[in-house]
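A.B. asks: This is data-v6.txt, which holds compact mmCIF, C-alpha atoms:
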# COMPACT_ATOMS: atom_id res chain seq x y z
CA MET B 1 100.01 7.99 14.66
CA PRO B 2 102.60 5.53 16.13
CA LEU B 3 102.52 4.96 19.89
CA THR B 4 106.21 5.88 20.08
CA ALA B 5 105.35 9.40 18.88
CA ILE B 6 102.64 10.07 21.45
CA ARG B 7 104.12 8.16 24.41
CA PRO B 8 106.19 11.16 25.69
CA HIS B 9 102.97 13.18 25.86
CA ILE B 10 100.88 10.71 27.87
CA LYS B 11 102.31 11.43 31.33
CA PRO B 12 102.34 15.25 30.97
CA THR B 13 98.77 15.11 29.66
CA LEU B 14 97.65 12.95 32.59
CA LEU B 15 99.35 15.26 35.09
CA LEU B 16 97.50 18.21 33.60
CA ALA B 17 94.25 16.35 33.07
CA TYR B 18 93.51 14.73 36.41
CA PRO B 19 93.12 17.99 38.36
CA VAL B 20 91.03 19.42 35.51
CA VAL B 21 88.92 16.24 35.48
CA LEU B 22 88.17 16.63 39.18
CA SER B 23 87.53 20.34 38.73
CA GLN B 24 85.21 19.79 35.76
CA LEU B 25 83.41 17.09 37.68
CA GLY B 26 82.65 19.77 40.24
CA HIS B 27 80.12 21.35 37.87
CA VAL B 28 78.23 18.14 37.25
CA LEU B 29 78.54 16.67 40.74
CA VAL B 30 76.47 19.58 42.00
CA ASN B 31 73.64 18.28 39.81
CA VAL B 32 74.37 14.68 40.81
CA CYS B 33 74.09 15.59 44.47
CA ASP B 34 70.89 17.55 43.85
CA SER B 35 69.37 14.69 41.86
CA VAL B 36 70.29 11.94 44.32
CA MET B 37 68.99 13.80 47.37
CA VAL B 38 65.95 15.32 45.71
CA GLY B 39 65.12 11.93 44.16
CA GLN B 40 64.59 10.55 47.65
CA THR B 41 61.64 12.92 48.04
CA GLY B 42 59.78 11.52 45.00
CA LYS B 43 59.76 11.23 41.23
CA ILE B 44 57.93 14.56 40.68
CA PRO B 45 60.69 16.63 42.37
CA LEU B 46 63.29 14.57 40.46
CA ALA B 47 61.48 15.33 37.19
CA ALA B 48 61.46 19.02 38.19
CA VAL B 49 65.24 18.89 38.62
CA SER B 50 65.51 17.34 35.15
CA LEU B 51 63.48 20.14 33.60
CA GLY B 52 65.31 22.85 35.54
CA VAL B 53 68.77 21.48 34.78
CA SER B 54 67.88 21.13 31.09
CA VAL B 55 66.97 24.81 30.86
CA ASN B 56 69.77 26.09 33.08
CA THR B 57 72.48 24.04 31.38
CA VAL B 58 71.86 25.56 27.95
CA VAL B 59 72.53 29.04 29.32
CA MET B 60 75.34 27.94 31.66
CA VAL B 61 77.42 26.24 28.96
CA LEU B 62 77.24 29.37 26.81
CA GLY B 63 79.03 31.20 29.62
CA LEU B 64 81.45 28.35 30.31
CA GLY B 65 82.39 28.21 26.63
CA LEU B 66 82.93 31.96 26.52
CA SER B 67 85.38 31.73 29.43
CA MET B 68 87.18 28.82 27.73
CA GLY B 69 88.43 31.29 25.13
CA ILE B 70 90.87 32.49 27.79
CA THR B 71 92.77 29.20 28.12
CA PRO B 72 94.27 28.66 24.63
CA LEU B 73 95.29 32.33 24.47
CA VAL B 74 97.01 32.07 27.85
CA ALA B 75 98.69 28.78 26.86
CA ALA B 76 100.03 30.32 23.63
CA ALA B 77 101.22 33.49 25.40
CA ASN B 78 102.90 31.32 28.03
CA GLY B 79 104.68 29.40 25.29
CA GLN B 80 105.96 32.74 23.95
CA ARG B 81 106.86 33.97 27.48
CA ASP B 82 104.72 37.07 26.88
CA VAL B 83 104.27 38.45 30.43
CA ALA B 84 102.56 41.66 29.30
CA GLY B 85 100.11 39.67 27.18
CA LEU B 86 99.36 37.35 30.09
CA GLY B 87 98.61 40.35 32.31
CA ARG B 88 96.14 41.67 29.77
CA LEU B 89 94.48 38.26 29.45
CA LEU B 90 94.13 37.95 33.23
CA LYS B 91 92.37 41.28 33.73
CA ASN B 92 90.21 41.25 30.65
CA GLY B 93 89.32 37.58 30.92
CA VAL B 94 87.94 38.11 34.41
CA TRP B 95 86.11 41.25 33.28
CA LEU B 96 84.46 39.48 30.37
CA SER B 97 83.51 36.45 32.50
CA ALA B 98 81.97 38.57 35.25
CA VAL B 99 79.91 40.68 32.83
CA ALA B 100 78.79 37.51 31.02
CA GLY B 101 77.74 35.99 34.36
CA LEU B 102 75.66 39.06 35.19
CA VAL B 103 73.95 39.02 31.79
CA LEU B 104 73.27 35.28 31.86
CA ALA B 105 71.88 35.42 35.41
CA ALA B 106 69.52 38.24 34.43
CA PHE B 107 68.52 36.45 31.23
CA GLY B 108 67.87 33.26 33.14
CA LEU B 109 65.42 34.97 35.47
CA LEU B 110 63.30 35.82 32.44
CA ILE B 111 63.18 32.15 31.40
CA ALA B 112 61.58 30.74 34.56
CA PRO B 113 58.06 32.12 33.82
CA LEU B 114 58.21 30.52 30.36
CA LEU B 115 58.57 26.92 31.57
CA GLY B 116 54.81 26.47 31.38
CA TYR B 117 54.95 26.85 27.60
CA LEU B 118 57.13 23.72 27.19
CA ASN B 119 54.13 21.39 27.53
CA GLN B 120 55.55 19.65 30.60
CA PRO B 121 53.48 18.10 33.43
CA ALA B 122 51.91 20.92 35.45
CA GLU B 123 53.10 19.61 38.81
CA VAL B 124 56.68 19.44 37.47
CA VAL B 125 56.60 23.04 36.19
CA ARG B 126 55.20 24.30 39.50
CA LEU B 127 58.23 22.93 41.37
CA ALA B 128 60.83 23.72 38.71
CA ALA B 129 60.12 27.46 38.19
CA PRO B 130 61.32 28.83 41.57
CA TRP B 131 64.21 26.34 41.61
CA VAL B 132 65.40 27.63 38.23
CA ARG B 133 65.39 31.27 39.42
CA VAL B 134 67.81 30.58 42.25
CA LEU B 135 70.00 28.34 40.10
CA PHE B 136 70.37 31.09 37.52
CA LEU B 137 71.51 33.53 40.20
CA SER B 138 74.41 31.15 40.87
CA LEU B 139 75.70 31.72 37.33
CA LEU B 140 77.24 35.06 38.35
CA PRO B 141 79.65 33.64 40.97
CA LEU B 142 80.24 30.62 38.72
CA MET B 143 81.42 32.84 35.87
CA VAL B 144 83.71 34.85 38.18
CA PHE B 145 85.22 31.54 39.25
CA GLN B 146 85.62 30.55 35.60
CA GLY B 147 87.45 33.75 34.69
CA PHE B 148 90.17 33.16 37.26
CA LYS B 149 90.18 29.37 36.78
CA GLN B 150 90.67 29.42 32.99
CA PHE B 151 93.59 31.83 33.32
CA ALA B 152 95.31 29.61 35.90
CA GLU B 153 94.67 26.48 33.84
CA GLY B 154 96.16 28.11 30.75
CA LEU B 155 99.41 28.38 32.73
CA GLY B 156 99.17 24.71 33.65
CA LEU B 157 98.07 25.51 37.24
CA THR B 158 95.21 23.03 37.43
CA ARG B 159 95.36 21.69 40.98
CA GLN B 160 94.05 24.84 42.69
CA ALA B 161 90.68 24.72 40.91
CA MET B 162 90.55 20.99 41.62
CA PHE B 163 90.88 21.47 45.37
CA LEU B 164 88.34 24.30 45.37
CA SER B 165 85.85 22.24 43.36
CA ILE B 166 86.19 19.34 45.81
CA LEU B 167 85.69 21.71 48.75
CA ALA B 168 82.67 23.37 47.12
CA ASN B 169 81.07 20.00 46.42
CA LEU B 170 81.52 18.91 50.02
CA VAL B 171 79.90 22.17 51.13
CA ASN B 172 77.09 21.69 48.59
CA ALA B 173 76.45 18.11 49.74
CA LEU B 174 76.33 19.14 53.40
CA LEU B 175 74.02 22.07 52.69
CA CYS B 176 71.77 19.90 50.52
CA TYR B 177 71.45 17.43 53.37
CA VAL B 178 70.61 20.22 55.81
CA PHE B 179 68.32 22.30 53.58
CA ILE B 180 66.43 19.55 51.70
CA PHE B 181 65.58 17.32 54.65
CA GLY B 182 65.70 19.88 57.47
CA HIS B 183 68.47 19.19 59.99
CA PHE B 184 70.23 21.13 62.76
CA GLY B 185 67.17 23.24 63.34
CA VAL B 186 66.79 24.33 59.71
CA PRO B 187 63.27 23.85 58.27
CA ALA B 188 63.01 21.28 55.46
CA MET B 189 62.97 23.11 52.12
CA GLY B 190 62.68 20.08 49.84
CA LEU B 191 63.64 20.80 46.23
CA MET B 192 64.43 24.49 46.90
CA GLY B 193 67.06 23.53 49.45
CA SER B 194 69.30 22.13 46.71
CA ALA B 195 69.13 25.40 44.76
CA TRP B 196 70.18 27.53 47.73
CA ALA B 197 72.97 25.06 48.51
CA THR B 198 74.30 25.40 44.95
CA LEU B 199 74.25 29.21 45.12
CA ILE B 200 76.19 29.30 48.40
CA ALA B 201 78.76 26.73 47.20
CA ARG B 202 79.42 28.68 43.98
CA ILE B 203 79.89 31.95 45.86
CA LEU B 204 82.51 30.16 47.98
CA MET B 205 84.25 28.81 44.85
CA ALA B 206 84.43 32.26 43.25
CA ALA B 207 85.79 33.94 46.39
CA LEU B 208 88.52 31.36 46.99
CA MET B 209 89.65 31.12 43.34
CA ALA B 210 89.87 34.91 43.13
CA ALA B 211 91.85 35.01 46.38
CA TYR B 212 94.37 32.49 45.01
CA VAL B 213 95.01 34.25 41.69
CA LEU B 214 95.15 37.71 43.27
CA ARG B 215 97.52 36.69 46.07
CA ALA B 216 99.71 33.82 44.78
CA ARG B 217 103.37 34.82 44.66
CA ARG B 218 104.03 32.92 41.44
CA LEU B 219 101.41 35.05 39.63
CA HIS B 220 102.74 38.39 40.89
CA GLU B 221 104.34 39.46 37.60
CA TYR B 222 101.09 38.88 35.71
CA ARG B 223 99.07 40.93 38.20
CA GLU B 224 101.62 43.73 37.88
CA ALA B 225 101.42 43.55 34.09
CA ALA B 226 97.62 43.70 34.24
CA GLY B 227 97.69 47.33 35.39
CA SER B 228 94.51 48.99 36.60
CA TRP B 229 91.56 46.60 36.89
CA LEU B 230 89.16 49.49 36.37
CA THR B 231 90.12 49.89 32.71
CA PRO B 232 89.43 46.79 30.56
CA ALA B 233 91.03 46.85 27.11
CA ARG B 234 88.53 46.55 24.29
CA ALA B 235 91.00 44.85 21.95
CA THR B 236 91.85 42.06 24.41
CA VAL B 237 88.21 41.59 25.43
CA SER B 238 87.28 41.33 21.74
CA ARG B 239 90.04 38.79 21.15
CA ILE B 240 88.86 36.57 24.02
CA PHE B 241 85.24 36.99 22.98
CA GLY B 242 86.08 36.17 19.36
CA LEU B 243 87.58 32.85 20.43
CA GLY B 244 85.24 32.05 23.32
CA ALA B 245 81.90 32.92 21.70
CA PRO B 246 82.09 30.15 19.05
CA ILE B 247 83.09 27.70 21.81
CA GLY B 248 80.08 28.78 23.85
CA VAL B 249 77.78 28.54 20.84
CA GLN B 250 79.07 25.06 20.01
CA MET B 251 78.54 23.93 23.60
CA MET B 252 75.09 25.51 23.60
CA PHE B 253 74.14 23.63 20.42
CA GLU B 254 75.33 20.36 21.96
CA MET B 255 73.83 20.81 25.41
CA GLY B 256 70.77 22.41 23.87
CA ALA B 257 70.18 19.19 21.96
CA PHE B 258 70.31 17.20 25.19
CA SER B 259 68.08 19.73 26.92
CA PHE B 260 65.51 19.67 24.13
CA SER B 261 65.63 15.90 24.27
CA ALA B 262 64.64 16.15 27.93
CA ILE B 263 61.75 18.40 26.96
CA MET B 264 60.60 15.88 24.35
CA ILE B 265 60.86 13.10 26.91
CA GLY B 266 58.84 15.25 29.30
CA TRP B 267 55.97 15.00 26.81
CA LEU B 268 55.91 11.30 27.68
CA GLY B 269 55.26 12.01 31.37
CA ALA B 270 57.01 12.44 34.72
CA THR B 271 58.18 8.82 34.89
CA SER B 272 60.12 9.03 31.63
CA LEU B 273 61.52 12.44 32.57
CA ALA B 274 62.74 11.15 35.94
CA ALA B 275 64.38 8.15 34.22
CA HIS B 276 66.04 10.47 31.72
CA GLN B 277 67.42 12.60 34.56
CA ILE B 278 69.04 9.57 36.17
CA ALA B 279 70.64 8.35 32.93
CA ILE B 280 71.85 11.75 31.76
CA ASN B 281 73.16 12.50 35.24
CA VAL B 282 75.32 9.38 35.21
CA ALA B 283 76.48 9.95 31.62
CA SER B 284 77.42 13.55 32.43
CA VAL B 285 79.90 12.34 35.06
CA THR B 286 81.93 10.37 32.53
CA TYR B 287 81.53 13.19 29.99
CA MET B 288 83.07 15.71 32.37
CA ALA B 289 86.00 13.37 32.96
CA ALA B 290 86.61 13.27 29.21
CA SER B 291 86.11 17.04 29.15
CA GLY B 292 88.98 17.35 31.61
CA ILE B 293 91.27 15.45 29.24
CA ALA B 294 90.04 17.76 26.47
CA ALA B 295 91.01 20.78 28.56
CA ALA B 296 94.50 19.32 28.98
CA ALA B 297 94.61 18.86 25.20
CA THR B 298 93.75 22.54 24.73
CA ILE B 299 96.56 23.60 27.08
CA ARG B 300 99.23 21.36 25.60
CA VAL B 301 98.29 21.83 21.95
CA GLY B 302 98.08 25.59 22.55
CA TYR B 303 101.44 25.61 24.30
CA PHE B 304 103.24 23.78 21.49
CA ARG B 305 101.48 25.96 18.95
CA GLY B 306 102.80 29.01 20.80
CA THR B 307 106.36 27.67 20.66
CA GLY B 308 106.02 26.92 16.94
CA ASP B 309 106.30 23.14 17.45
CA ALA B 310 103.65 21.81 15.06
CA ALA B 311 104.75 18.19 15.53
CA GLY B 312 104.46 18.50 19.30
CA ALA B 313 100.98 20.01 18.99
CA ARG B 314 99.80 17.13 16.80
CA GLN B 315 101.27 14.46 19.06
CA ALA B 316 99.80 16.09 22.18
CA GLY B 317 96.37 16.06 20.56
CA PHE B 318 96.53 12.41 19.61
CA ALA B 319 97.83 11.47 23.06
CA ALA B 320 94.63 13.01 24.48
CA TYR B 321 92.58 11.08 21.92
CA GLY B 322 94.19 7.81 23.01
CA LEU B 323 93.67 8.45 26.72
CA THR B 324 90.03 9.37 26.15
CA PHE B 325 89.34 6.26 24.06
CA VAL B 326 90.73 3.96 26.76
CA PHE B 327 88.89 5.75 29.57
CA MET B 328 85.50 5.97 27.88
CA SER B 329 85.65 2.37 26.68
CA THR B 330 86.18 1.30 30.28
CA MET B 331 83.27 3.48 31.44
CA ALA B 332 81.04 1.92 28.78
CA LEU B 333 81.71 -1.56 30.15
CA LEU B 334 81.04 -0.41 33.71
CA LEU B 335 77.71 1.16 32.71
CA ILE B 336 76.61 -2.03 30.98
CA VAL B 337 77.38 -4.07 34.09
CA ALA B 338 75.90 -1.64 36.63
CA ARG B 339 72.91 -0.27 34.70
CA HIS B 340 70.32 -2.08 36.84
CA LYS B 341 71.87 -1.05 40.17
CA VAL B 342 72.73 2.63 39.63
CA PRO B 343 69.13 3.95 39.32
CA HIS B 344 68.34 2.77 42.87
CA PHE B 345 70.70 5.46 44.22
CA TYR B 346 68.32 8.07 42.81
CA ASN B 347 64.81 6.68 43.10
CA HIS B 348 63.02 3.43 43.99
CA ASP B 349 59.96 3.71 41.75
CA PRO B 350 59.99 0.42 39.73
CA GLU B 351 58.95 2.09 36.47
CA VAL B 352 61.56 4.82 36.81
CA VAL B 353 64.30 2.30 37.62
CA ALA B 354 63.40 0.05 34.66
CA GLN B 355 63.38 2.91 32.14
CA ALA B 356 66.60 4.38 33.53
CA ALA B 357 68.38 1.02 33.20
CA THR B 358 67.43 0.84 29.51
CA LEU B 359 68.61 4.41 28.87
CA LEU B 360 71.89 3.68 30.65
CA LEU B 361 72.53 0.90 28.15
CA ILE B 362 72.29 3.45 25.32
CA ALA B 363 74.47 5.82 27.36
CA ALA B 364 77.08 3.07 27.49
CA LEU B 365 76.98 2.81 23.72
CA PHE B 366 77.68 6.51 23.16
CA GLN B 367 80.50 6.78 25.73
CA VAL B 368 83.31 6.51 23.16
CA SER B 369 81.63 8.87 20.68
CA ASP B 370 80.91 11.39 23.43
CA GLY B 371 84.49 11.28 24.69
CA LEU B 372 86.12 11.53 21.26
CA GLN B 373 83.98 14.47 20.18
CA VAL B 374 84.79 16.49 23.29
CA VAL B 375 88.52 15.77 23.13
CA GLY B 376 88.43 16.70 19.44
CA LEU B 377 86.92 20.03 20.40
CA GLY B 378 89.64 20.52 23.02
CA ALA B 379 92.47 19.75 20.61
CA LEU B 380 91.02 22.06 17.95
CA ARG B 381 90.67 24.87 20.53
CA GLY B 382 94.41 24.57 21.11
CA LEU B 383 94.80 25.33 17.40
CA GLU B 384 92.28 28.21 17.84
CA ASP B 385 89.97 26.42 15.40
CA VAL B 386 86.54 27.08 16.92
CA LYS B 387 84.13 28.35 14.26
CA VAL B 388 83.75 25.29 12.04
CA PRO B 389 83.12 22.95 15.02
CA SER B 390 80.18 25.21 15.94
CA VAL B 391 78.66 24.69 12.49
CA VAL B 392 79.30 20.94 12.73
CA ALA B 393 77.48 20.83 16.09
CA LEU B 394 74.52 22.80 14.73
CA LEU B 395 74.04 20.49 11.76
CA ALA B 396 74.74 17.21 13.54
CA TYR B 397 72.56 17.80 16.57
CA TRP B 398 69.77 20.04 15.35
CA ALA B 399 69.46 19.01 11.70
CA MET B 400 70.03 15.30 12.26
CA ALA B 401 70.05 13.96 15.84
CA LEU B 402 66.93 15.70 17.16
CA PRO B 403 64.68 15.14 14.10
CA PHE B 404 65.86 11.52 13.91
CA GLY B 405 65.26 11.05 17.63
CA TYR B 406 61.79 12.60 17.37
CA TRP B 407 60.90 10.29 14.49
CA LEU B 408 62.10 7.24 16.40
CA GLY B 409 60.57 8.31 19.69
CA PHE B 410 57.17 9.55 18.53
CA GLY B 411 56.82 8.36 14.94
CA LEU B 412 57.88 4.78 15.62
CA LYS B 413 56.59 4.94 19.23
CA LEU B 414 59.95 4.00 20.76
CA GLY B 415 59.58 6.71 23.41
CA ALA B 416 62.65 7.86 25.34
CA ILE B 417 64.74 5.09 23.78
CA GLY B 418 64.22 6.56 20.30
CA VAL B 419 65.19 10.05 21.48
CA TRP B 420 68.40 8.70 22.99
CA VAL B 421 69.28 6.75 19.84
CA GLY B 422 69.02 10.06 17.98
CA LEU B 423 71.54 11.59 20.39
CA LEU B 424 73.87 8.62 19.88
CA THR B 425 73.75 9.22 16.13
CA GLY B 426 74.59 12.91 16.46
CA LEU B 427 77.50 12.32 18.85
CA THR B 428 79.03 9.68 16.56
CA LEU B 429 78.81 11.97 13.55
CA VAL B 430 80.44 14.90 15.37
CA ALA B 431 83.22 12.68 16.75
CA GLY B 432 84.11 11.45 13.26
CA VAL B 433 84.09 14.90 11.64
CA LEU B 434 86.22 16.51 14.38
CA LEU B 435 88.78 13.69 14.29
CA TRP B 436 89.13 14.19 10.54
CA ARG B 437 89.45 17.97 11.01
CA PHE B 438 92.15 17.67 13.66
CA ARG B 439 94.13 15.30 11.45
CA GLN B 440 93.94 17.82 8.61
CA HIS B 441 94.71 20.97 10.60
CA SER B 442 97.50 19.50 12.72
CA ALA B 443 99.38 18.03 9.77
CA VAL B 444 103.11 18.74 10.05
CA PRO B 445 104.76 20.45 7.06
CA ALA B 446 106.90 18.03 5.06
CA ALA B 447 110.10 19.92 5.85
CA GLU B 448 109.59 19.63 9.61
CA PRO B 449 110.65 16.38 11.30
CA ALA B 450 107.91 14.90 13.54
CA VAL B 451 110.04 14.36 16.62
CA ALA B 452 108.26 13.98 19.96
CA VAL B 453 109.10 16.79 22.34
CA GLY B 454 108.03 16.77 25.98
CA ARG B 455 107.12 19.97 27.73
Let me see whether you can do it: turn the structure in this file into structure tokens.
C.D. replies:
Amino acid sequence: MPLTAIRPHIKPTLLLAYPVVLSQLGHVLVNVCDSVMVGQTGKIPLAAVSLGVSVNTVVMVLGLGLSMGITPLVAAANGQRDVAGLGRLLKNGVWLSAVAGLVLAAFGLLIAPLLGYLNQPAEVVRLAAPWVRVLFLSLLPLMVFQGFKQFAEGLGLTRQAMFLSILANLVNALLCYVFIFGHFGVPAMGLMGSAWATLIARILMAALMAAYVLRARRLHEYREAAGSWLTPARATVSRIFGLGAPIGVQMMFEMGAFSFSAIMIGWLGATSLAAHQIAINVASVTYMAASGIAAAATIRVGYFRGTGDAAGARQAGFAAYGLTFVFMSTMALLLIVARHKVPHFYNHDPEVVAQAATLLLIAALFQVSDGLQVVGLGALRGLEDVKVPSVVALLAYWAMALPFGYWLGFGLKLGAIGVWVGLLTGLTLVAGVLLWRFRQHSAVPAAEPAVAVGR
């Protein structure tokens, strides 16, 4: 698509994206903070964080994806100026998110006793199990936060969640410092301190986001249209679930592949698992930034779709593609340059640092593929195309990337490097398929002129 067609969409996309980027980073920076501080206590606790995050993330992203079904529906209803519909989406979106958070938290508590069956180092499992239990409890407030956040973001109100995420991360960092190492009279909790810090920070996020949506003057008409909060509407809940569940499943397939990769790497020992945690932690930061641009793509593509402007929807999607390509290419170069220095922020074990530096080189190689696949998902969500991407993720990651990575890692004895090359292959395949699908599904009918329209 010509640059002249997408240029009017670049600034509006950036204005929407940067608060979402910072808000999305809030989810991963919690793990970054945990990993950096816990890593100072040794490689075994750091490996325990890797195992715990791998298990928790698979369940968490299922809930996050479910709540993401709210945003394109809100964006489309906003484009149609449907106040009554927006009221229904507000109430029922929060209901669905809260119930999902309760179910996922309860389900997660059942997982912790099963960690011993994953054939991980015994000392790692011993530390990870209680940490996982507390982290899963934090999914309930996180999902309440998501319900209110996704509604606000669908209206283009992205800065509020950004500020709350920044505040929550500052609180989490302070509490980690106090709880992990034992300051201000608090006994040192080590690894468990980071889990309690995360729970408290997420409760704060949920309370403040709910307070904003339920009290903001600009949202008054939607709260009025919502009616009684004690009576969720089955039809609206089903509509959100029907769109959000495939998103959650797709995200679970993708993150599940990364989590299972961590489990495979854990078979190689605590050193490799600690190195993996460092590399995946760093890569997840840039991924969440691209995910923020993808969220902006969902909002803008959904908005133009709601107004009936197919050309605008297509141009908005490709503007997000262009921004993501530039950003992730830059991040790839930075990772290549800094790959030997970054691991020292987490741990000083020479073997861990050396392995992490090698894995960061592979992470640099899959930056562009990772960014393009997530922005493709975001653009397709704006078109409410969510089921086929789930199938694509299942086949690419579980039928190709993981078996290929296992063969390279254990068959050819390449270890963690082979597993990561498998992930690179899967990400590249998904990125290509989703780009092709967006081009096909966003095609403008011949009778409609493709004129750029700004929001």
A.B. asks: Please identify all polymer residues within 7 Å of Leu273 (chain B), counting only C-alpha atoms, omitting same-chain residues fewer than 4 positions from it, and present them as a PyMOL selection string.
C.D. replies: chain B and resi 47+50+262+265-266+269+277
A.B. asks: Can you measure CA of Glu384 (chain B) to CA of Trp398 (chain B) for me? One decimal in Å is fine.
C.D. replies: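 Taking CA of Glu384 (chain B) and CA of Trp398 (chain B), their separation equals 24.1 Å.
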A.B. asks: Please check which residues have atoms at most 8 Å from (82.6, 33.0, 40.3) in the file's coordinates, counting all atoms listed in the file, and write them as a PyMOL selection string.
C.D. replies: chain B and resi 98+139-147+202-203+205-207+209
A.B. asks: Which polymer residues have any atom within 8 Å of an atom of Val392 (chain B), counting all atoms listed in the file, with same-chain residues fewer than 3 positions away left out, as number ranges by chain?
C.D. replies: B: 388-389, 395-396, 430, 433
A.B. asks: Out of B:Trp196, B:Trp95, B:Phe181, B:Phe438, which residue has the shortest atom-to-atom distance to Ala226 (chain B) when counting all atoms listed in the file?
C.D. replies: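 The closest residue to Ala226 (chain B) is B:Trp95.
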A.B. asks: Just to confirm, what's the straight-line distance from CA of Ala210 (chain B) to CA of Thr57 (chain B) in Å (one decimal)?
C.D. replies: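 Atom-to-atom, CA of Ala210 (chain B) to CA of Thr57 (chain B), that is 23.6 Å.
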A.B. asks: Near Ala129 (chain B), counting only C-alpha atoms, which residues have an atom at most 9 Å away, once you skip same-chain residues fewer than 2 positions from it, shown as number ranges by chain?
C.D. replies: B: 48, 52, 111-116, 124-127, 131-133
A.B. asks: CA of Leu360 (chain B) and CA of Pro343 (chain B), how far apart in Å?
C.D. replies: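 A separation of 9.1 Å between them.
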A.B. asks: Would you pick out the contacts of region 69-76 of chain B at 8 Å or less, using only C-alpha atoms, so that residues sharing its chain but fewer than 2 positions from it are not included, and give the list as a ChimeraX atom specification?
C.D. replies: /B:65-67,78-80,86,89,93,147,150-151,153-156,240-245,247,298-300,302-307,381-384
A.B. asks: Between B:Pro187, B:Gly411, B:Gly292, B:Gly371, which is the closest to Gly322 (chain B) once you count all atoms listed in the file?
C.D. replies: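 For Gly322 (chain B), the nearest of the candidates is B:Gly371.
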A.B. asks: Which residue gives the smallest distance to Tyr397 (chain B) among B:Ala274, B:Met255, B:Val99, B:His340, with all atoms listed in the file counted?
C.D. replies: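 For Tyr397 (chain B), the nearest of the given residues is B:Met255.
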A.B. asks: Please provide as a ChimeraX atom specification all residues within 12 Å of Leu137 (chain B), with the sequence filter that same-chain residues fewer than 6 positions apart are discarded (counting only C-alpha atoms).
C.D. replies: /B:56,59-60,101-110,112,130-131,143,195-200,202-203
A.B. asks: Here is a test: counting all atoms listed in the file, which residue of B:Val386, B:Leu335, B:Ala363, B:Leu214 is nearest to Trp229 (chain B)?
C.D. replies: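 So, comparing all the options, the nearest one is B:Leu214.
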A.B. asks: Rank B:Ser442, B:Ser284, B:Thr330, B:Gln160 by their smallest atom-to-atom distance to Ala313 (chain B), using all atoms listed in the file, and report the top residue only.
C.D. replies: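 Going through B:Ser442, B:Ser284, B:Thr330, B:Gln160 one by one, the smallest distance to Ala313 (chain B) is for B:Ser442.
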A.B. asks: With distances taken over all atoms listed in the file, which of B:Ala295, B:Leu157, B:Ala364, B:Val213 is nearest to Ile280 (chain B)?
C.D. replies: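 Nearest candidate to Ile280 (chain B) out of B:Ala295, B:Leu157, B:Ala364, B:Val213: B:Ala364.
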A.B. asks: Axis-aligned box over every listed atom of region 139-151 of chain B, padded by 5 Å per side: centre and edges in Å to one decimal, as lines of an AutoDock Vina configuration file?
C.D. replies:
center_x = 84.6
center_y = 32.2
center_z = 37.0
size_x = 27.9
size_y = 15.7
size_z = 18.0
A.B. asks: Can you save region 45-55 of chain B of the given block to a file, including N, CA and C atoms and formatted as a PDB file, in the first residue's frame?
C.D. replies:
ATOM      1  N   PRO B  45      16.343 -19.588  42.444  1.00  0.00           N
ATOM      2  CA  PRO B  45      15.109 -18.795  42.506  1.00  0.00           C
ATOM      3  C   PRO B  45      14.717 -18.204  41.151  1.00  0.00           C
ATOM      4  N   LEU B  46      15.715 -17.787  40.352  1.00  0.00           N
ATOM      5  CA  LEU B  46      15.410 -17.231  39.027  1.00  0.00           C
ATOM      6  C   LEU B  46      14.809 -18.307  38.132  1.00  0.00           C
ATOM      7  N   ALA B  47      15.337 -19.526  38.217  1.00  0.00           N
ATOM      8  CA  ALA B  47      14.764 -20.637  37.450  1.00  0.00           C
ATOM      9  C   ALA B  47      13.353 -20.942  37.926  1.00  0.00           C
ATOM     10  N   ALA B  48      13.091 -20.799  39.240  1.00  0.00           N
ATOM     11  CA  ALA B  48      11.746 -21.024  39.768  1.00  0.00           C
ATOM     12  C   ALA B  48      10.766 -19.997  39.216  1.00  0.00           C
ATOM     13  N   VAL B  49      11.219 -18.745  39.095  1.00  0.00           N
ATOM     14  CA  VAL B  49      10.375 -17.716  38.483  1.00  0.00           C
ATOM     15  C   VAL B  49      10.053 -18.090  37.041  1.00  0.00           C
ATOM     16  N   SER B  50      11.055 -18.589  36.312  1.00  0.00           N
ATOM     17  CA  SER B  50      10.845 -18.989  34.918  1.00  0.00           C
ATOM     18  C   SER B  50       9.775 -20.066  34.813  1.00  0.00           C
ATOM     19  N   LEU B  51       9.876 -21.083  35.674  1.00  0.00           N
ATOM     20  CA  LEU B  51       8.882 -22.153  35.661  1.00  0.00           C
ATOM     21  C   LEU B  51       7.507 -21.624  36.048  1.00  0.00           C
ATOM     22  N   GLY B  52       7.455 -20.818  37.106  1.00  0.00           N
ATOM     23  CA  GLY B  52       6.171 -20.288  37.565  1.00  0.00           C
ATOM     24  C   GLY B  52       5.507 -19.381  36.550  1.00  0.00           C
ATOM     25  N   VAL B  53       6.292 -18.485  35.947  1.00  0.00           N
ATOM     26  CA  VAL B  53       5.749 -17.581  34.933  1.00  0.00           C
ATOM     27  C   VAL B  53       5.253 -18.367  33.720  1.00  0.00           C
ATOM     28  N   SER B  54       5.994 -19.403  33.344  1.00  0.00           N
ATOM     29  CA  SER B  54       5.604 -20.210  32.181  1.00  0.00           C
ATOM     30  C   SER B  54       4.229 -20.835  32.384  1.00  0.00           C
ATOM     31  N   VAL B  55       3.985 -21.347  33.588  1.00  0.00           N
ATOM     32  CA  VAL B  55       2.694 -21.970  33.874  1.00  0.00           C
ATOM     33  C   VAL B  55       1.596 -20.919  34.025  1.00  0.00           C
TER      34      VAL B  55
END
